[in-house]
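Participant: Sending over a structure as structure tokens; questions will come in a sec.
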Protein chains: 2
Amino acid sequence: MSEKDTMIREPLLRKRPNTTSQIAIVGANVCPIESLDYEIIENDLFKQDWRSRKKGQIFQYIVLKWTLALLIGLGTGLVGFFNNLAVENIAGFKLLLISNLLLEEKYIKAFLAYAGCNVVLAAAAAALCAYIAPAAAGSGIPEVKAYLNGVDAYSILAPSTLFVKIFGSIFGVSAGFVLGKEGPMVHTGACIASLLGQGGSRKYHLTWRGLRYFKNDRDRRDLITCGAAAGVAAAFRAPVGGVLFALEEAASWWRSALLWRTFFTTAVVAVVLRGFIEFCRSGKCGLFGQGGLIMFDVSSSKATYNTSDLLAAIILGVIGGIFGSLYNYLVDKVLRTYSIINERGAPFKVVLVITISLLTSCCSYGLPWFARCTPCPVGLEEPCPTIGRSGNFKSFQCPPGHYNDLASLFLNTNDDAIRNLFSAGTTNEFDISSLIIFFAAVYCLGIITYGIAVPSGLFIPVILAGASYGRLVGHLLGSISDLDVGLFALLGSASFLGGTMRMTVSLCVILLELTNDLLMLPLVMLVLLISKTVADIFNKGVYDQIVKMKGFPFMEAHAEPYMRHLVAGDVVSGPLITFSGVEKVGNIFHVLKYTGHNGFPVIDEPPISDAQELVGLVLRSHLLVLLKGKMFSRERVLSEDKISCRFDAYDFAKAGSGKGVKLEDLDITEEEMEMYVDLHPITNASPFTVVETMSLAKAAVLFRELGLRHLCVVPKTPGRSPIAGILTRHDFMPEHVLGLHPHFKPTRRGSK
Amino acid sequence: MSEKDTMIREPLLRKRPNTTSQIAIVGANVCPIESLDYEIIENDLFKQDWRSRKKGQIFQYIVLKWTLALLIGLGTGLVGFFNNLAVENIAGFKLLLISNLLLEEKYIKAFLAYAGCNVVLAAAAAALCAYIAPAAAGSGIPEVKAYLNGVDAYSILAPSTLFVKIFGSIFGVSAGFVLGKEGPMVHTGACIASLLGQGGSRKYHLTWRGLRYFKNDRDRRDLITCGAAAGVAAAFRAPVGGVLFALEEAASWWRSALLWRTFFTTAVVAVVLRGFIEFCRSGKCGLFGQGGLIMFDVSSSKATYNTSDLLAAIILGVIGGIFGSLYNYLVDKVLRTYSIINERGAPFKVVLVITISLLTSCCSYGLPWFARCTPCPVGLEEPCPTIGRSGNFKSFQCPPGHYNDLASLFLNTNDDAIRNLFSAGTTNEFDISSLIIFFAAVYCLGIITYGIAVPSGLFIPVILAGASYGRLVGHLLGSISDLDVGLFALLGSASFLGGTMRMTVSLCVILLELTNDLLMLPLVMLVLLISKTVADIFNKGVYDQIVKMKGFPFMEAHAEPYMRHLVAGDVVSGPLITFSGVEKVGNIFHVLKYTGHNGFPVIDEPPISDAQELVGLVLRSHLLVLLKGKMFSRERVLSEDKISCRFDAYDFAKAGSGKGVKLEDLDITEEEMEMYVDLHPITNASPFTVVETMSLAKAAVLFRELGLRHLCVVPKTPGRSPIAGILTRHDFMPEHVLGLHPHFKPTRRGSK
């Protein structure tokens with residue numbers, strides 16, 4: 001089978017009836033996906049360009065690379081700050097309004113104002129998402145992860161997606177949903193990087209020749225890796241955590257040089273954010289206060305621990321792992337249910353969002369009524385600061401001098417609620433019953449919120465649920481452990497994060513950067529390792545699960561065990577379409593028109609060569625550019641250097657999404673159809689090849705490690721056609737392999 | 001050319017007269033190097049074993065993998081603690097002795113005692129190194145780096161090396177040299193990992209069948225990566241820094257699963273160290289005090305900074321980068337000079353070490369005489385604690401109530417000197433002239449110390465020089481910057497580390513974990529980025545430089561630019577030795593005896609196959625095992641399943657170094673020499689292949705990314721022998737390629 005990877009995503013399920021139902025489609029947006037090609041296409045034009053490359057050009061490329069990294073950092077930092085500023089002001093204004101109404105004991109009016117604000121904000125976010133950019137819904141991390149693995153889902157990094165992601169996230173977070181801005185920030189960073197790497201916009205006359213170097217999937221991938229890291233750095237103010245996140249979770253390929261560049265980008269983000277915070281300290285940013293740009297300082301509590309604390313950490317980790325994997329399981333179920341609703345169209349999406357918003361409002365406003373009023377603790381500088389939104393204590397229905405602990409958690413921004421839970425030296429501030437109610441509510445709301453048509457991160461809900469769970473366990477284990485309940489909350493968050501996201505080093509560093517407390521490191525490490533190990537028994541990480549559910553053909557780093565029993569020839573199928581070294585224009589046109597393949601082997605035959613031999617591989621996009629250039633000849637002869645004079649390598653560079661030459665753009669006359677065109681100058685003469693008897697596992701490793709889009713399979717014995725087939729990423733997918741060879745059982749890891 | 005990679009390292013230089021003098025040999029130990037093979041050898045025996053693999057076995061493998069990671073962590077943590085304990089006690093006793101003599105004003109006696117102790121300790125370290133394990137000299141990081149790239153230098157991970165590394169490092173550090181224990185700890189961790197992965201010792205009847213799974217280069221590489229990370233974690237008490245060090249500097253291949261396992265290992269190290277420190281807090285560890293296991297707490301100083309501080313950081317970074325690259329340049333020159341001395345034999349090595357020791361003693365004891373006596377600062381809890389070794393202040397020749405600031409730096413362990421320099425709120429404790437003297441002395445001593453026959457790390461000398469330089473700059477820039485001089489010392493260390501080692505993220509995290517101050521992160525990042533960028537203009541990182549100088553055929557991650565103009569066929573040379581599918585025993589024996597090649601293509605010919613075709617690749621070690629098994633037949637026929645019954649896959653597993661079957665072990669009669677043996681069951685039927693017209697750059701990337709030892713080159717056109725040659729790592733080395741094609745100019749990066 002040659003490549004069919006511009007196929008519509010949905011038919012993947014229907015076309016292969018013998019595959020199991022492992023692939024499902026989420027959301028109504030049935031959009032085409034395209035594989036990316038990280039191979040350097042070494043055709044004659046490239047080699048010519050390479051030979052003539054001057055020192056100045058290489059220098060220009062390096063300077064540009066770093067300038068782009070700088071710009072990505074600046075852009076993401078700016079957006080990150082703007083996002084926080086907007087959320088803090090919108091949510092702050094909303095909460096201030098309700099506080100005032102509550103003080104006047106206008107409880108029903110307060111609820112209506114609260115729910116009303118939330119619904120309006122939620123509806124705005126949903127409308128943006130549903131009507132302008134459906135791709136902006138959800139976290140965005142699975143899509144970025146898929147992109148960095150080599151799968152480009154249509155419009156996932158488009159400017160409209162960026163716009164909706166920024167504003168949708170602001171409205172969504174302000175609307176009081178149990179969702180975060182972290183996933184969306186990663187997606188935003190990736191979008192900014194992709195936009196900067198597009199080579200400007202021809203529409204707005206913003207093109208610049210220097211950016212042509214980045215017109216290939218390889219350089220774009222590097223930029224987007226930087227963007228993803230910058231997103232985490234901006235969301236958590238955790239520059240090292242951002243780099244590690246990109247490395248551990250997002251990227252599929254990595255090299256030392258990229259580590260360095262990513263590090264630079266996140267350093268820029270850190271400096272930008274710091275600058276803005278300094279600026280805002282003087283009160284110029286409205287309600288933007290300590291709450292913006294989360295940073296939970298727990299360093300006031302003591303950080304020594306003993307064996308019984310280790311035991312507590314182990315218990316916390318085990319239970320956290322179970323809850324985490326249950327969270328993933330339920331998110332999966334909810335997503336599948338929502339996808340049925342979302343598929344019906346944009347209005348249904350908006351209605352779903354409004355429903356969830358009302359439910360969230362009811363919980364947030366209704367549940368605090370079950371909590372008792374607690375007298376304010378004595379000895380604080382400002383007793384029970386109930387007015388203003390940054391206070392720890394919300395009076396809600398309580399008389400003066402008392403506070404409602406549940407309201408302090410529910411009627412706050414998520415960031416402030418986390419800060420309250422993490423706060424040290426406040427053992428009795430939150431009652432056990434309140435923590436139980438809050439944990440249950442946040443856990444359930446978090447699950448039903450992800451999947452609605454709003455940009456929604458998973459980090460904050462998980463941290464929130466984990467922190468309340470941890471604080472709860474801290475209360476219960478108070479007799480055997482000396483640790484502060486604030487530290488228990490931190491460890492609880494770690495256990496939930498480990499249980500859902502299954503990252504280790506990056507989460508550890510993010511948590512340390514968030515809490516600014518390095519002495520907790522061994523305990524956090526321990527909890528993360530245990531919860532990940534426990535959760536891995538049950539299912540996959542939440543992002544992997546979503547990648548799978550969205551039907552992205554994701555190449556795993558390891559080969560499946562059954563692949564060792566198969567050879568490359570076993571999965572090659574379908575008629576192979578090849579071109580001659582000098583091919584008739586009409587043939588090429590018709591093949592391009594009637595097949596969806598993206599790569600075609602080129603074969604030389606006598607008299608051009610002595611025997612039939614494989615010249616290499618030619619890409620659809622290159623053929624389109626070549627046909628548009630109309631360098632045809634009447635005879636079947638080699639063009640010699642004419643093509644090289646007419647074109648340069650960058651004419652064939654990959655255009656931005658939707659900008660390349662399309663088949664409809666070609667205007668070829670009947671006469672030209674009968675003419676010939678020499679494919680040699682644009683043929684990649686060094687495609688990677690495997691012999692058909694090569695173990696499929698090894699072919700998969702080769703494909704994955706080198707970031708290929710096409711892998712040529714050559715016959716073992718001479719005398720046949722010099723190429724036996726082409727493998728693409730779809731051919732390595734368990735669904736395809738097991739469809740062809742149903743006697744192999746899928747491995748548990750592969751099927752989940 | 002088929003493979004010759006058990007070649008003696010030295011002849012590399014002599015055999016290729018057309019290569020430049022880029023390869024030099026350090027040390028008299030001309031030892032063979034061997035390439036490692038990270039490919040899974042998929043021969044019939046492997047496939048059979050794979051098919052029969054039970055669930056229990058896979059589970060056993062996973063449990064063992066994690067148990068080994070645990071053991072590596074425990075072992076390295078233990079050694080790290082023992083190392084510190086010993087150093088603190090030996091050096092502490094020495095310093096206490098001198099303090100007492102100085103108090104009695106017996107200055108000459110004090111010097112003799114000081115120099116005498118140092119020389120004895122130095123001589124002990126040198127004797128261990130020179131006579132027992134020459135491979136233990138130096139840092140060890142370059143060797144570990146080369147191992148993880150696929151080059152095994154003889155005895156680099158042997159038990160004797162481990163022994164000498166541990167004790168040599170203790171004696172060396174105690175002897176007051178300007179060297180650290182960090183590089184040796186990395187090497188120690190790698191040795192422990194290698195030892196645990198050897199599958200026990202047959203000599204001491206300590207074998208266990210379960211460990212057979214780790215008898216391959218691939219699993220050993222993973223273990224050694226964990227070991228290297230554990231070493232850094234133990235040296236700096238920086239578990240996250242250890243993981244990042246292994247990732248950024250040491251390892252050439254990486255995957256997410258390994259990240260997790262490495263993280264587990266370093267977490268174990270952190271827990272072990274913490275346990276021991278808790279134990280020692282009660283005073284059970286002799287003179288082991290705060291100084292053991294470096295951790296410089298600077299959190300007492302303020303961590304806000306403004307634009308002028310950024311400017312200061314930039315200046316610091318630029319100058320640090322220049323000094324760092326100069327350091328590398330001088331270390332290189334000194335190493336080349338020392339190698340001439342060291343080559344003369346063990347006694348010369350010891351004499352060199354004693355000379356440097358005396359020089360160091362003279363500097364340490366002599367230079368403080370140039371410093372003025374400073375009155376002790378008032379307001380401290382214990383005024384001027386000159387007695388005992390953990391005090392900041394050394395009185396030296398000064399009257400009571402005064403201290404000698406230079407003596408406080410020189411007559412201390414390196415760890416304590418760094419702590420003094422990093423200490424915050426002590427702006428006037430050290431005089432500018434003292435800092436200048438100390439910086440100059442440490443910078444020079446550090447350069448001339450590396451390369452002597454003692455286990456010596458580079459981190460501590462560089463941090464020491466950088467800290468004094470930074471503190472100096474802090475004094476000078478005191479007018480424009482509000483930063484504490486302690487923080488300047490930290491930034492100065494960062495700039496020197498960035499300038500010599502050229503790591504970024506890992507150094508940043510190590511420094512943060514050392515100083516426990518996350519708020520400095522953006523400044524540290526900035527300084528590191530600048531100093532690395534500046535230093536990269538001049539030369540390569542110090543470890544890369546040593547790898548190059550030692551002549552290891554190190555595969556870079558990127559292909560050299562001139563490789564794009566060459567094809568795989570251009571560098572294949574020499575007569576190729578192939579075997580038939582069923583080969584005569586005598587032929588095999590003679591080939592093994594008279595060539596050094598390690599991989600041989602196996603070719604089937606009629607009547608066994610229809611046409612001449614490539615079966616695959618067979619390894620020397622497998623052939624030796626097969627010949628030893630004597631499954632010969634009188635006729636040229638396929639053996640069918642007989643071999644599979646007699647052998648199982650683990651008989652062919654890679655033995656520990658020096659333990660495999662040797663040619664001399666074979667006892668083949670004249671009659672048997674005339675018999676035939678079937679090579680099919682042990683032939684790797686899925687070797688990676690490239691067509692001879694494949695771009696050399698792409699072949700190099702394939703070779704590097706997949707961790708190969710042999711890459712088969714197949715002809716483009718049929719009708720010739722089915723294999724054109726074999727590429728090994730030597731064929732990709734710039735020396736070889738440019739030797740064959742001298743018209744290409746080496747790139748600057750490649751030649752340096």
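Chains: A, B, ... in order of the structure tokens. Residues: from 1 per chain. Ligands: from 1, in order shown.
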Should the cut-off be 7 Å, what would the residue list for chain B against chain A look like, counting only C-alpha atoms, as an NGL selection string?
Facilitator: :B and (248 or 256 or 260 or 263 or 267 or 270-271 or 504-505 or 513 or 516 or 518 or 522 or 525 or 613 or 686 or 689-690 or 694-695 or 705 or 717-718)
Participant: Within 10 Å of range 649-653 of chain A, counting only C-alpha atoms, which residues qualify if same-chain residues fewer than 4 places away don't, as a list in words?
Facilitator: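 Listing them by chain and then by number gives Ile41, Asn43, Asp44, Leu45, Phe46, Lys47, Gln48, Asp49, Trp50, Arg209, Arg212, Tyr213, Phe214, Lys215, Asn216, Asp217, Leu619, Ser621, His622, Leu623, Leu624, Val625, Leu626, Ser644, Gly660, Val661 and Ile682 of chain A.
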Participant: Those selected residues, please, written with C-alpha atoms and delivered as a compact mmCIF listing (two decimals), in the first residue's frame.
Facilitator:
```
# COMPACT_ATOMS: atom_id res chain seq x y z
CA ILE A 41 14.70 15.27 1.25
CA ASN A 43 17.19 15.47 -4.05
CA ASP A 44 19.40 17.11 -6.67
CA LEU A 45 18.00 20.55 -5.99
CA PHE A 46 18.75 20.19 -2.29
CA LYS A 47 22.28 19.03 -2.98
CA GLN A 48 22.88 21.90 -5.36
CA ASP A 49 21.58 24.34 -2.78
CA TRP A 50 23.68 22.69 -0.09
CA ARG A 209 12.87 35.43 2.55
CA ARG A 212 12.19 30.11 4.07
CA TYR A 213 14.69 28.00 6.03
CA PHE A 214 11.90 27.02 8.36
CA LYS A 215 9.58 25.83 5.63
CA ASN A 216 9.98 22.18 6.47
CA ASP A 217 8.46 19.87 9.02
CA LEU A 619 6.49 13.63 -3.07
CA SER A 621 3.72 18.36 -3.16
CA HIS A 622 6.92 18.45 -5.18
CA LEU A 623 5.18 16.97 -8.22
CA LEU A 624 2.53 19.69 -8.02
CA VAL A 625 5.16 22.43 -7.98
CA LEU A 626 7.00 20.77 -10.86
CA SER A 644 17.81 23.36 -11.58
CA GLY A 660 0.71 24.83 -1.11
CA VAL A 661 0.00 24.31 -4.80
CA ILE A 682 13.11 16.41 -7.43
```
Participant: DSSP on the backbone: what in range 483-651 of chain A comes out alpha helix (DSSP H), as a ChimeraX atom specification?
Facilitator: /A:485-501,505-515,521-538,542-549,568-571,585-594,620-629,642-646
Participant: Could you please write out, as an MDAnalysis selection string, every residue of range 617-731 of chain B that DSSP assigns to strand (DSSP E)?
Facilitator: chainID B and resid 617:619 676:678 689:691 711:714 725:727
Participant: For Phe439 in chain A, which residue out of A:Ile340, A:Leu421, A:Val454, A:Leu96 is the nearest one, using only C-alpha atoms?
Facilitator: A:Leu421
Participant: List as a list in words the protein and nucleic acid residues near Gly75 in chain A, meaning an atom at most 9 Å away when only C-alpha atoms are counted, but skip any in the same chain fewer than 2 places from it.
Facilitator: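 Everything that qualifies: Leu70, Leu71, Ile72, Gly73, Gly77, Leu78, Val79, Gly80, Gly189, Ile192, Ala193 and Val269 of chain A.
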Participant: What does the distance between CA of Ser160 in chain B and CA of Gly227 in chain B come to in Å, to one decimal place?
Facilitator: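 So the two atoms, CA of Ser160 in chain B and CA of Gly227 in chain B, lie 17.0 Å apart.
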Participant: Write out as a list in words each polymer residue whose atoms come within 8 Å of Val350 in chain B, counting only C-alpha atoms; drop sequence neighbours fewer than 6 positions from it.
Facilitator: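 Returned residues: Ala123, Ala126, Ala127, Ala130 and Ala453 of chain B.
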Participant: Please produce a file of those selected residues containing N, CA and C atoms, as an mmCIF file, in the first residue's frame.
Facilitator:
```
data_model
loop_
_atom_site.group_PDB
_atom_site.id
_atom_site.type_symbol
_atom_site.label_atom_id
_atom_site.label_comp_id
_atom_site.auth_asym_id
_atom_site.auth_seq_id
_atom_site.Cartn_x
_atom_site.Cartn_y
_atom_site.Cartn_z
ATOM 1 N N ALA B 123 50.449 10.153 47.197
ATOM 2 C CA ALA B 123 51.221 9.006 46.713
ATOM 3 C C ALA B 123 50.389 7.734 46.777
ATOM 4 N N ALA B 126 48.019 7.852 43.888
ATOM 5 C CA ALA B 126 48.735 7.662 42.625
ATOM 6 C C ALA B 126 49.175 6.221 42.459
ATOM 7 N N ALA B 127 49.636 5.609 43.560
ATOM 8 C CA ALA B 127 50.100 4.227 43.472
ATOM 9 C C ALA B 127 48.946 3.305 43.086
ATOM 10 N N ALA B 130 48.239 4.028 39.398
ATOM 11 C CA ALA B 130 49.271 3.672 38.423
ATOM 12 C C ALA B 130 49.482 2.174 38.346
ATOM 13 N N ALA B 453 47.741 11.106 37.638
ATOM 14 C CA ALA B 453 47.179 9.753 37.804
ATOM 15 C C ALA B 453 46.419 9.621 39.119
#
```
Participant: Leaving out Val164 in chain A and any residue of its chain fewer than 4 positions from it, which residues lie within 7 Å of it when counting only C-alpha atoms, given as a list in words?
Facilitator: Leu128, Cys129, Ala133, Ala136, Ser160 and Gly168 of chain A
Participant: Using N, CA and C atoms, can you export the residues from the last selection as a compact mmCIF listing (two decimals), in the first residue's frame?
Facilitator:
```txt
# COMPACT_ATOMS: atom_id res chain seq x y z
N LEU A 128 -17.34 30.90 20.81
CA LEU A 128 -16.06 31.05 20.11
C LEU A 128 -15.58 29.70 19.61
N CYS A 129 -15.63 28.74 20.53
CA CYS A 129 -15.11 27.41 20.23
C CYS A 129 -15.95 26.71 19.17
N ALA A 133 -13.49 28.08 15.93
CA ALA A 133 -12.39 27.10 15.85
C ALA A 133 -12.68 25.91 16.75
N ALA A 136 -10.02 24.30 18.98
CA ALA A 136 -9.50 24.92 20.20
C ALA A 136 -10.10 24.32 21.46
N SER A 160 -6.72 31.04 13.73
CA SER A 160 -8.04 31.14 14.37
C SER A 160 -8.07 30.31 15.65
N GLY A 168 -11.07 31.99 24.58
CA GLY A 168 -11.90 30.93 25.14
C GLY A 168 -11.40 30.50 26.50
```
Participant: For the atom pair CA of Ile447 in chain A and CA of Val331 in chain A, what is the interatomic distance in Å to one decimal place?
Facilitator: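 Answer for the CA of Ile447 in chain A to CA of Val331 in chain A separation: 5.3 Å.
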Participant: Residues at most 9 Å from Gln397 in chain B, counting only C-alpha atoms, excluding those fewer than 3 positions away in the same chain, as JSON, numbers by chain?
Facilitator: {"B": [102, 103, 105, 107, 368, 369, 373, 394, 403, 404]}
Participant: Can you work out the spacing between CA of Glu635 in chain A and CA of Leu679 in chain A in Å, to one decimal?
Facilitator: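 Taking CA of Glu635 in chain A and CA of Leu679 in chain A, their separation equals 13.7 Å.
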